[in-house]
$ cat upload-v4.cif   # mmCIF, C-alpha atoms (C1' of nucleotides)
data_run
#
loop_
_atom_site.label_atom_id
_atom_site.label_comp_id
_atom_site.auth_asym_id
_atom_site.auth_seq_id
_atom_site.Cartn_x
_atom_site.Cartn_y
_atom_site.Cartn_z
CA MET B 1 -7.29 215.32 129.48
CA ALA B 2 -7.59 213.11 126.46
CA LYS B 3 -4.61 211.14 127.59
CA ALA B 4 -6.10 210.27 130.94
CA SER B 5 -9.04 208.58 129.30
CA ARG B 6 -7.16 206.03 127.23
CA LYS B 7 -7.63 202.35 127.96
CA ARG B 8 -6.77 201.39 131.51
CA LYS B 9 -3.91 198.96 132.03
CA GLU B 10 -4.49 196.01 134.30
CA PRO B 11 -1.92 195.85 137.06
CA GLY B 12 0.91 193.43 136.33
CA SER B 13 0.19 193.46 132.65
CA ASN B 14 1.93 196.22 130.82
CA ALA B 15 3.51 195.97 127.43
CA ASP B 16 5.33 199.28 127.83
CA GLY B 17 7.50 198.12 130.69
CA ALA B 18 7.33 199.66 134.13
CA ALA B 19 6.84 203.26 133.06
CA GLU B 20 3.56 204.94 133.73
CA PHE B 21 3.57 208.71 133.61
CA GLY B 22 7.12 208.72 134.94
CA ARG B 23 6.27 206.50 137.89
CA LEU B 24 7.69 203.05 138.29
CA SER B 25 6.01 199.84 139.23
CA LEU B 26 8.45 197.23 140.48
CA GLU B 27 6.18 194.34 139.49
CA GLN B 28 6.25 195.51 135.90
CA PHE B 29 9.92 196.43 135.76
CA LEU B 30 11.54 194.05 133.29
CA PRO B 31 14.83 193.46 135.16
CA TYR B 32 12.82 192.60 138.26
CA ARG B 33 10.47 190.27 136.43
CA LEU B 34 13.32 188.46 134.73
CA SER B 35 15.13 188.05 138.01
CA VAL B 36 12.09 186.70 139.81
CA LEU B 37 11.22 184.31 137.00
CA ALA B 38 14.77 183.01 136.64
CA ASN B 39 15.01 182.49 140.40
CA THR B 40 11.71 180.64 140.59
CA VAL B 41 12.64 178.36 137.70
CA SER B 42 16.13 177.91 139.06
CA ARG B 43 14.81 176.78 142.43
CA ASP B 44 12.59 174.27 140.65
CA VAL B 45 15.41 172.65 138.72
CA ALA B 46 18.01 173.01 141.47
CA ARG B 47 15.76 171.05 143.78
CA MET B 48 15.63 168.23 141.27
CA TYR B 49 19.40 168.13 140.74
CA ASP B 50 20.04 168.23 144.44
CA GLU B 51 17.40 165.83 145.73
CA ARG B 52 18.02 163.13 143.20
CA PHE B 53 21.72 163.50 142.43
CA GLY B 54 23.27 165.71 145.10
CA LEU B 55 24.40 168.14 142.41
CA SER B 56 24.41 171.93 142.39
CA VAL B 57 23.50 173.99 139.34
CA PRO B 58 27.15 174.85 138.54
CA GLU B 59 28.05 171.17 138.76
CA TRP B 60 25.21 170.23 136.46
CA ARG B 61 26.28 172.86 133.94
CA VAL B 62 29.81 171.50 133.84
CA MET B 63 28.50 167.99 133.29
CA ALA B 64 26.17 169.17 130.54
CA VAL B 65 28.92 170.76 128.47
CA LEU B 66 31.37 167.91 129.05
CA ALA B 67 28.74 165.49 127.83
CA ARG B 68 28.54 167.40 124.58
CA TYR B 69 32.10 168.53 123.98
CA GLU B 70 34.52 166.14 125.61
CA ALA B 71 38.01 167.11 126.73
CA LEU B 72 37.43 170.77 127.44
CA SER B 73 39.75 172.88 129.55
CA ALA B 74 38.34 174.70 132.58
CA VAL B 75 38.37 178.00 130.72
CA GLU B 76 36.50 176.46 127.81
CA VAL B 77 33.94 175.09 130.24
CA ALA B 78 33.62 178.56 131.72
CA GLY B 79 33.00 180.04 128.28
CA ARG B 80 30.26 177.54 127.52
CA THR B 81 28.47 177.76 130.87
CA ALA B 82 28.46 181.53 131.45
CA MET B 83 30.35 180.98 134.69
CA ASP B 84 33.68 182.48 135.72
CA LYS B 85 36.72 180.28 136.13
CA VAL B 86 36.54 180.37 139.92
CA ARG B 87 33.12 178.80 139.90
CA VAL B 88 34.20 176.26 137.35
CA SER B 89 37.26 175.41 139.38
CA ARG B 90 35.17 174.75 142.45
CA ALA B 91 32.50 172.79 140.61
CA VAL B 92 35.17 170.65 138.93
CA ALA B 93 36.87 170.02 142.27
CA ARG B 94 33.65 168.60 143.67
CA LEU B 95 32.95 166.56 140.56
CA LEU B 96 36.46 165.11 140.70
CA ARG B 97 35.97 164.14 144.33
CA ALA B 98 32.66 162.54 143.40
CA GLY B 99 34.31 160.58 140.60
CA VAL B 100 32.05 162.12 138.00
CA VAL B 101 34.77 163.90 136.07
CA GLN B 102 38.31 162.89 135.11
CA ARG B 103 41.19 165.29 134.63
CA ALA B 104 44.34 164.89 132.59
CA THR B 105 47.07 167.42 131.88
CA ASP B 106 47.39 168.62 128.30
CA ARG B 107 50.65 167.27 126.84
CA THR B 108 51.47 170.31 124.76
CA ASP B 109 50.46 172.95 127.32
CA ARG B 110 50.92 171.83 130.88
CA ARG B 111 48.84 174.65 132.31
CA ARG B 112 45.70 173.33 130.66
CA SER B 113 43.77 170.35 131.94
CA GLU B 114 41.57 168.15 129.83
CA LEU B 115 38.28 167.48 131.55
CA ARG B 116 36.02 164.58 130.66
CA LEU B 117 33.06 162.83 132.18
CA SER B 118 33.97 159.48 133.71
CA ALA B 119 31.88 156.39 132.92
CA ARG B 120 30.05 157.15 136.13
CA GLY B 121 29.57 160.76 135.02
CA ILE B 122 28.16 159.64 131.69
CA ALA B 123 25.74 157.31 133.44
CA ILE B 124 24.55 160.02 135.83
CA HIS B 125 24.22 162.51 133.02
CA ALA B 126 22.09 160.05 131.06
CA GLN B 127 19.75 159.85 134.03
CA ILE B 128 19.47 163.60 134.51
CA VAL B 129 18.83 164.59 130.90
CA PRO B 130 15.28 163.23 130.67
CA LEU B 131 14.39 164.79 134.00
CA ALA B 132 15.80 168.16 133.01
CA LEU B 133 13.96 168.04 129.71
CA SER B 134 10.75 167.11 131.44
CA VAL B 135 11.00 170.09 133.79
CA GLU B 136 11.52 172.29 130.75
CA ARG B 137 8.58 170.68 128.99
CA GLU B 138 6.35 171.20 132.01
CA LEU B 139 7.32 174.83 132.10
CA LEU B 140 6.69 175.29 128.38
CA SER B 141 3.45 173.33 128.56
CA VAL B 142 1.51 176.56 129.13
CA LEU B 143 2.75 177.95 125.81
CA SER B 144 1.64 177.11 122.29
CA ALA B 145 4.21 176.10 119.69
CA GLU B 146 3.92 179.56 118.23
CA GLU B 147 4.52 181.13 121.64
CA CYS B 148 7.58 178.91 122.17
CA ARG B 149 9.08 180.19 118.94
CA SER B 150 8.26 183.71 119.96
CA LEU B 151 9.86 183.21 123.37
CA ASP B 152 13.00 181.81 121.80
CA LEU B 153 13.33 184.85 119.57
CA LEU B 154 12.60 187.38 122.31
CA LEU B 155 15.09 185.87 124.73
CA ALA B 156 17.76 185.83 122.05
CA LYS B 157 17.16 189.48 121.19
CA LEU B 158 17.14 190.56 124.82
CA GLN B 159 20.28 188.58 125.62
CA ALA B 160 22.13 190.17 122.72
CA ARG B 161 20.96 193.63 123.74
CA ALA B 162 21.81 193.11 127.42
CA GLU B 163 25.33 192.11 126.42
CA GLU B 164 25.67 195.21 124.26
CA ILE B 165 24.64 197.38 127.18
CA GLU B 166 27.01 195.55 129.48
CA GLY B 167 29.84 196.05 127.01
CA MET B 168 29.30 199.81 127.12
CA GLY B 169 29.88 200.12 130.85
CA PRO B 170 33.11 198.60 132.18
CA MET P 1 14.58 158.93 106.86
CA ALA P 2 11.95 161.51 106.19
CA LYS P 3 12.46 162.89 109.67
CA ALA P 4 16.17 163.47 109.23
CA SER P 5 15.57 165.71 106.27
CA ARG P 6 13.33 168.24 107.96
CA LYS P 7 14.46 171.80 108.22
CA ARG P 8 17.73 172.20 110.07
CA LYS P 9 17.73 174.19 113.30
CA GLU P 10 20.30 176.87 113.72
CA PRO P 11 22.31 176.44 116.88
CA GLY P 12 21.05 178.56 119.77
CA SER P 13 17.71 179.01 118.11
CA ASN P 14 15.26 176.31 118.98
CA ALA P 15 11.61 176.77 119.63
CA ASP P 16 11.23 173.29 121.10
CA GLY P 17 13.50 173.96 124.06
CA ALA P 18 16.73 172.07 124.65
CA ALA P 19 15.53 168.66 123.49
CA GLU P 20 16.93 167.25 120.31
CA PHE P 21 16.52 163.52 119.86
CA GLY P 22 16.84 163.05 123.62
CA ARG P 23 20.08 165.01 123.85
CA LEU P 24 20.38 168.25 125.70
CA SER P 25 21.98 171.48 124.67
CA LEU P 26 22.71 173.73 127.62
CA GLU P 27 22.61 176.89 125.48
CA GLN P 28 19.04 176.11 124.50
CA PHE P 29 17.85 174.91 127.89
CA LEU P 30 15.23 177.39 129.06
CA PRO P 31 16.20 177.51 132.77
CA TYR P 32 19.78 178.19 131.74
CA ARG P 33 18.84 180.89 129.26
CA LEU P 34 16.59 182.64 131.75
CA SER P 35 19.30 182.54 134.38
CA VAL P 36 21.95 183.94 132.06
CA LEU P 37 19.66 186.68 130.75
CA ALA P 38 18.48 187.70 134.20
CA ASN P 39 22.06 187.81 135.46
CA THR P 40 23.28 189.89 132.54
CA VAL P 41 20.44 192.38 132.93
CA SER P 42 20.85 192.40 136.68
CA ARG P 43 24.54 193.26 136.42
CA ASP P 44 23.64 196.13 134.08
CA VAL P 45 21.15 197.69 136.45
CA ALA P 46 23.06 196.85 139.63
CA ARG P 47 26.05 198.72 138.27
CA MET P 48 23.91 201.79 137.77
CA TYR P 49 22.39 201.65 141.27
CA ASP P 50 25.77 201.11 142.85
CA GLU P 51 27.91 203.56 140.88
CA ARG P 52 25.53 206.45 141.11
CA PHE P 53 23.78 205.89 144.43
CA GLY P 54 25.75 203.26 146.37
CA LEU P 55 22.65 201.07 146.51
CA SER P 56 22.32 197.31 146.12
CA VAL P 57 19.46 195.66 144.24
CA PRO P 58 17.65 194.62 147.45
CA GLU P 59 17.92 198.17 148.76
CA TRP P 60 16.55 199.56 145.53
CA ARG P 61 13.64 197.15 145.62
CA VAL P 62 12.71 198.21 149.12
CA MET P 63 12.81 201.85 148.09
CA ALA P 64 10.71 201.16 145.01
CA VAL P 65 7.85 199.59 146.96
CA LEU P 66 8.00 202.15 149.76
CA ALA P 67 7.71 204.89 147.18
CA ARG P 68 4.50 203.35 145.95
CA TYR P 69 2.88 202.03 149.09
CA GLU P 70 3.96 204.03 152.08
CA ALA P 71 4.04 202.70 155.62
CA LEU P 72 4.59 199.04 154.86
CA SER P 73 5.83 196.55 157.41
CA ALA P 74 8.95 194.52 156.67
CA VAL P 75 6.89 191.44 155.89
CA GLU P 76 4.73 193.42 153.49
CA VAL P 77 7.85 194.72 151.80
CA ALA P 78 9.08 191.14 151.50
CA GLY P 79 5.83 190.09 149.87
CA ARG P 80 6.03 192.85 147.30
CA THR P 81 9.71 192.42 146.43
CA ALA P 82 9.98 188.62 146.16
CA MET P 83 12.60 188.67 148.89
CA ASP P 84 12.58 186.84 152.21
CA LYS P 85 12.32 188.73 155.47
CA VAL P 86 16.00 188.27 156.27
CA ARG P 87 17.03 190.08 153.13
CA VAL P 88 14.51 192.80 153.76
CA SER P 89 15.71 193.18 157.34
CA ARG P 90 19.27 193.67 156.17
CA ALA P 91 18.37 196.01 153.34
CA VAL P 92 16.22 198.10 155.67
CA ALA P 93 19.02 198.25 158.24
CA ARG P 94 21.36 199.75 155.65
CA LEU P 95 18.71 202.16 154.40
CA LEU P 96 18.05 203.32 157.96
CA ARG P 97 21.74 203.92 158.52
CA ALA P 98 21.85 205.87 155.27
CA GLY P 99 18.88 207.97 156.34
CA VAL P 100 16.88 206.90 153.33
CA VAL P 101 14.15 205.12 155.26
CA GLN P 102 12.37 205.94 158.51
CA ARG P 103 10.95 203.40 160.89
CA ALA P 104 8.18 203.77 163.43
CA THR P 105 6.58 201.14 165.60
CA ASP P 106 2.96 200.33 164.86
CA ARG P 107 0.81 201.58 167.75
CA THR P 108 -1.65 198.73 167.68
CA ASP P 109 0.86 195.93 167.11
CA ARG P 110 4.26 196.61 168.57
CA ARG P 111 5.91 193.79 166.66
CA ARG P 112 5.27 195.53 163.38
CA SER P 113 7.25 198.47 162.15
CA GLU P 114 6.01 201.07 159.72
CA LEU P 115 8.58 201.80 157.09
CA ARG P 116 8.56 204.94 154.98
CA LEU P 117 10.96 206.74 152.72
CA SER P 118 12.45 209.84 154.34
CA ALA P 119 12.51 213.13 152.44
CA ARG P 120 16.02 212.16 151.44
CA GLY P 121 14.78 208.76 150.31
CA ILE P 122 12.05 210.33 148.22
CA ALA P 123 14.58 212.64 146.60
CA ILE P 124 16.97 209.81 145.78
CA HIS P 125 14.15 207.67 144.49
CA ALA P 126 13.05 210.47 142.19
CA GLN P 127 16.54 210.54 140.74
CA ILE P 128 16.77 206.80 140.21
CA VAL P 129 13.41 206.24 138.56
CA PRO P 130 14.23 207.90 135.24
CA LEU P 131 17.55 206.06 135.08
CA ALA P 132 15.93 202.72 135.83
CA LEU P 133 13.27 203.36 133.22
CA SER P 134 15.87 204.34 130.68
CA VAL P 135 17.81 201.12 131.21
CA GLU P 136 14.56 199.23 130.69
CA ARG P 137 13.80 201.25 127.58
CA GLU P 138 17.25 200.58 126.17
CA LEU P 139 16.77 196.89 126.73
CA LEU P 140 13.35 196.89 125.14
CA SER P 141 14.53 199.06 122.26
CA VAL P 142 15.32 195.97 120.21
CA LEU P 143 11.70 194.84 120.40
CA SER P 144 8.68 196.15 118.51
CA ALA P 145 5.60 197.22 120.43
CA GLU P 146 3.98 193.97 119.39
CA GLU P 147 6.96 192.01 120.69
CA CYS P 148 6.83 193.89 123.99
CA ARG P 149 3.23 192.86 124.46
CA SER P 150 4.14 189.32 123.57
CA LEU P 151 7.03 189.31 126.04
CA ASP P 152 4.81 190.62 128.79
CA LEU P 153 2.33 187.82 128.22
CA LEU P 154 4.95 185.08 127.96
CA LEU P 155 6.73 186.13 131.13
CA ALA P 156 3.44 186.22 133.02
CA LYS P 157 2.48 182.75 131.82
CA LEU P 158 5.88 181.30 132.63
CA GLN P 159 5.97 182.90 136.06
CA ALA P 160 2.57 181.49 136.91
CA ARG P 161 3.58 178.05 135.68
CA ALA P 162 6.92 178.11 137.50
CA GLU P 163 5.12 178.91 140.73
CA GLU P 164 2.69 176.05 140.17
CA ILE P 165 5.59 173.67 139.71
CA GLU P 166 7.33 175.06 142.78
CA GLY P 167 4.17 174.58 144.80
CA MET P 168 4.10 170.89 143.91
CA GLY P 169 7.49 170.14 145.42
CA PRO P 170 8.01 171.29 149.02
"C1'" DG R 1 -6.59 184.62 182.68
"C1'" DC R 2 -3.10 182.03 181.04
"C1'" DA R 3 -0.64 178.24 178.65
"C1'" DA R 4 0.20 177.09 173.88
"C1'" DT R 5 0.81 178.78 169.44
"C1'" DA R 6 1.72 182.00 165.85
"C1'" DT R 7 3.80 186.14 163.88
"C1'" DA R 8 7.31 190.25 163.22
"C1'" DG R 9 11.72 191.02 162.91
"C1'" DT R 10 16.80 190.22 164.12
"C1'" DT R 11 20.86 187.52 164.85
"C1'" DT R 12 23.82 183.60 164.29
"C1'" DC R 13 26.19 180.24 161.66
"C1'" DA R 14 27.68 177.88 157.80
"C1'" DA R 15 27.81 177.76 152.80
"C1'" DT R 16 28.27 180.32 148.39
"C1'" DT R 17 30.10 183.84 145.97
"C1'" DG R 18 33.46 187.30 143.41
"C1'" DA R 19 37.49 189.91 143.31
"C1'" DA R 20 42.04 189.98 143.82
"C1'" DA R 21 46.24 187.69 144.80
"C1'" DC R 22 48.77 183.92 143.79
"C1'" DT R 23 51.44 179.77 141.39
"C1'" DA R 24 52.87 177.71 137.41
"C1'" DA R 25 53.52 177.42 132.64
"C1'" DT R 26 53.66 179.63 128.08
"C1'" DG R 27 54.44 183.27 124.74
"C1'" DT R 28 56.97 187.51 123.08
"C1'" DG R 29 60.21 191.08 121.90
"C1'" DA R 30 64.65 193.06 122.16
"C1'" DT H 1 68.20 184.05 125.71
"C1'" DC H 2 66.29 186.31 129.10
"C1'" DA H 3 63.25 189.88 131.08
"C1'" DC H 4 58.23 190.85 130.61
"C1'" DA H 5 53.79 190.10 129.74
"C1'" DT H 6 49.90 186.59 129.26
"C1'" DT H 7 47.21 182.66 130.28
"C1'" DA H 8 45.44 178.46 133.11
"C1'" DG H 9 43.89 177.36 137.21
"C1'" DT H 10 43.74 177.65 142.48
"C1'" DT H 11 43.55 179.91 146.87
"C1'" DT H 12 42.51 183.61 149.98
"C1'" DC H 13 39.63 186.99 151.93
"C1'" DA H 14 35.69 189.63 152.58
"C1'" DA H 15 30.85 190.20 151.44
"C1'" DT H 16 26.29 188.06 150.50
"C1'" DT H 17 23.20 184.66 151.30
"C1'" DG H 18 19.59 181.24 153.54
"C1'" DA H 19 18.23 178.39 157.17
"C1'" DA H 20 17.52 177.96 161.70
"C1'" DA H 21 17.52 179.83 166.20
"C1'" DC H 22 16.15 183.53 168.84
"C1'" DT H 23 13.49 187.73 171.09
"C1'" DA H 24 9.49 190.09 171.61
"C1'" DT H 25 4.74 190.72 170.96
"C1'" DA H 26 0.11 189.13 169.79
"C1'" DT H 27 -3.58 185.67 169.30
"C1'" DT H 28 -6.09 181.47 170.39
"C1'" DG H 29 -8.15 177.77 173.01
"C1'" DC H 30 -9.58 176.35 177.20
#

$ encode --input "upload-v4.cif" --output "structure tokens"
Amino acid sequence: MAKASRKRKEPGSNADGAAEFGRLSLEQFLPYRLSVLANTVSRDVARMYDERFGLSVPEWRVMAVLARYEALSAVEVAGRTAMDKVRVSRAVARLLRAGVVQRATDRTDRRRSELRLSARGIAIHAQIVPLALSVERELLSVLSAEECRSLDLLLAKLQARAEEIEGMGP
Amino acid sequence: MAKASRKRKEPGSNADGAAEFGRLSLEQFLPYRLSVLANTVSRDVARMYDERFGLSVPEWRVMAVLARYEALSAVEVAGRTAMDKVRVSRAVARLLRAGVVQRATDRTDRRRSELRLSARGIAIHAQIVPLALSVERELLSVLSAEECRSLDLLLAKLQARAEEIEGMGP
DNA sequence: GCAATATAGTTTCAATTGAAACTAATGTGA
DNA sequence: TCACATTAGTTTCAATTGAAACTATATTGC
């Protein structure tokens, strides 16, 4: 009886996750909320990449890491973009066709390829960066500086934990 | 000069988002981090649904809302699961075949169908709920109660903002 | 009452995706 | 040195997906 009288939770706002006396509310279920949020944000940025540059998200990710670490192999790109090598292979193929990326074969290991942005790729990247950052800024504009720090920490903790859990399964 | 000497950021930990003197770090870019986290978590839970019940995430979502609000139409299910009606239609078709969901035609509007969990569906749902909640609990186990509340608030704010931004485009 | 329009839900078609098979090159152990 | 395993990257195949077209029913304006 005492339990039933504790403070009522508002729907959609629940710090304890989706549990409520053993029932489950999809809207409050963390995996669901993360998925919906990531998809909404992803649509926002994907629209920008596509409308203004004809790029997909995987293509943009490849460009972003090549801009920072030049001469990566496809596998290294995969490692830095959280994509598998099949996706990278396909994204790179399109970027090569578009003249955004250049490929050379590694001299000492002829299986590896060295990927770099072309001059054109560098120029396009330079145009996208401020737009990408402004989308991020607009998203974060509803948070205080303190909340941004908090978010950063929480996402890092959850990512680490999710990977631990994943490692336990397969 | 003074600026260059301020406290160094550790890589991957950046409360200001991905911006750093106009450059962009993919690992710190919020849309990227959300996408990677949501995908990691999603794989974790999808594996559980699939291995133990042969269900996909869309199917599970349909079951979850039908367990809570019985006799929904497909469009209502779509609204409550953040899926489009095509996805719902396909998920429902599989659930019907599996005998998990029952469908009746609405008497007053013969376009609508009334979807409900079957007895079998209710039984399966009752088995999944504790597992789903335990995955969520394991994920949240690295956060304090205070951090859970904080996460809840941050996700809600970001979701609302992301939808605002989405609404501005198309 | 009925033409025009809107809504519920399904189907079709093309694009995206992941897993597994594959090719080519490198590394390893007897 | 030569079989065997490993790694880089691509291709193939089947499943998933979204957009648009489609069917059937309901609503609206006249």

$ resolve_selection --input "upload-v4.cif" --expression "the PyMOL selection byres ((chain B) within 7 of (chain P))" --output "PyMOL selection string"
chain B and resi 13-16+19+24+26+30-31+34-38+40-42+44+64-65+82+129+133+136+139+142+148-149+151-152+154+157-159+161-163+166

$ interface_residues --input "upload-v4.cif" --of "chain R" --to "chain B" --cutoff "12 Å" --atoms "all atoms listed in the file" --output "PyMOL selection string"
chain R and resi 16-20+23-27

$ atom_distance --input "upload-v4.cif" --atom1 "atom CA of P:Ala93" --atom2 "atom C1' of H:DC22"
18.4 Å

$ atom_distance --input "upload-v4.cif" --atom1 "atom CA of B:Ala91" --atom2 "atom CA of B:Pro58"
6.1 Å

$ residues_around --input "upload-v4.cif" --residues "stretch 115-124 of chain B" --least-positions-apart "5" --cutoff "10 Å" --atoms "only C-alpha atoms (C1' of nucleotides)" --output "MDAnalysis selection string"
chainID B and resid 53 62:74 76:77 92 95:96 98:106 129

$ closest_atom_pairs --input "upload-v4.cif" --of "chain H" --to "chain P" --cutoff "8 Å" --atoms "all atoms listed in the file" --output "CSV"
residue,atom,partner,partner_atom,distance
H:DA24,C1',P:Arg111,CA,7.1
H:DT25,C1',P:Arg111,CA,5.4
H:DA26,C1',P:Asp109,CA,7.3

$ residues_around --input "upload-v4.cif" --residues "H:DC30" --least-positions-apart "6" --cutoff "12 Å" --atoms "all atoms listed in the file" --output "MDAnalysis selection string"
chainID R and resid 1:4

$ resolve_selection --input "upload-v4.cif" --expression "the PyMOL selection byres ((chain H and resi 20) around 10)" --output "mmCIF file with C-alpha atoms (C1' of nucleotides), in the frame of the given file"
data_model
loop_
_atom_site.group_PDB
_atom_site.id
_atom_site.type_symbol
_atom_site.label_atom_id
_atom_site.label_comp_id
_atom_site.auth_asym_id
_atom_site.auth_seq_id
_atom_site.Cartn_x
_atom_site.Cartn_y
_atom_site.Cartn_z
ATOM 1 C "C1'" DT R 12 23.820 183.600 164.290
ATOM 2 C "C1'" DC R 13 26.190 180.240 161.660
ATOM 3 C "C1'" DG H 18 19.590 181.240 153.540
ATOM 4 C "C1'" DA H 19 18.230 178.390 157.170
ATOM 5 C "C1'" DA H 21 17.520 179.830 166.200
ATOM 6 C "C1'" DC H 22 16.150 183.530 168.840
#

$ atom_distance --input "upload-v4.cif" --atom1 "atom CA of P:Tyr49" --atom2 "atom CA of P:Ile128"
7.7 Å
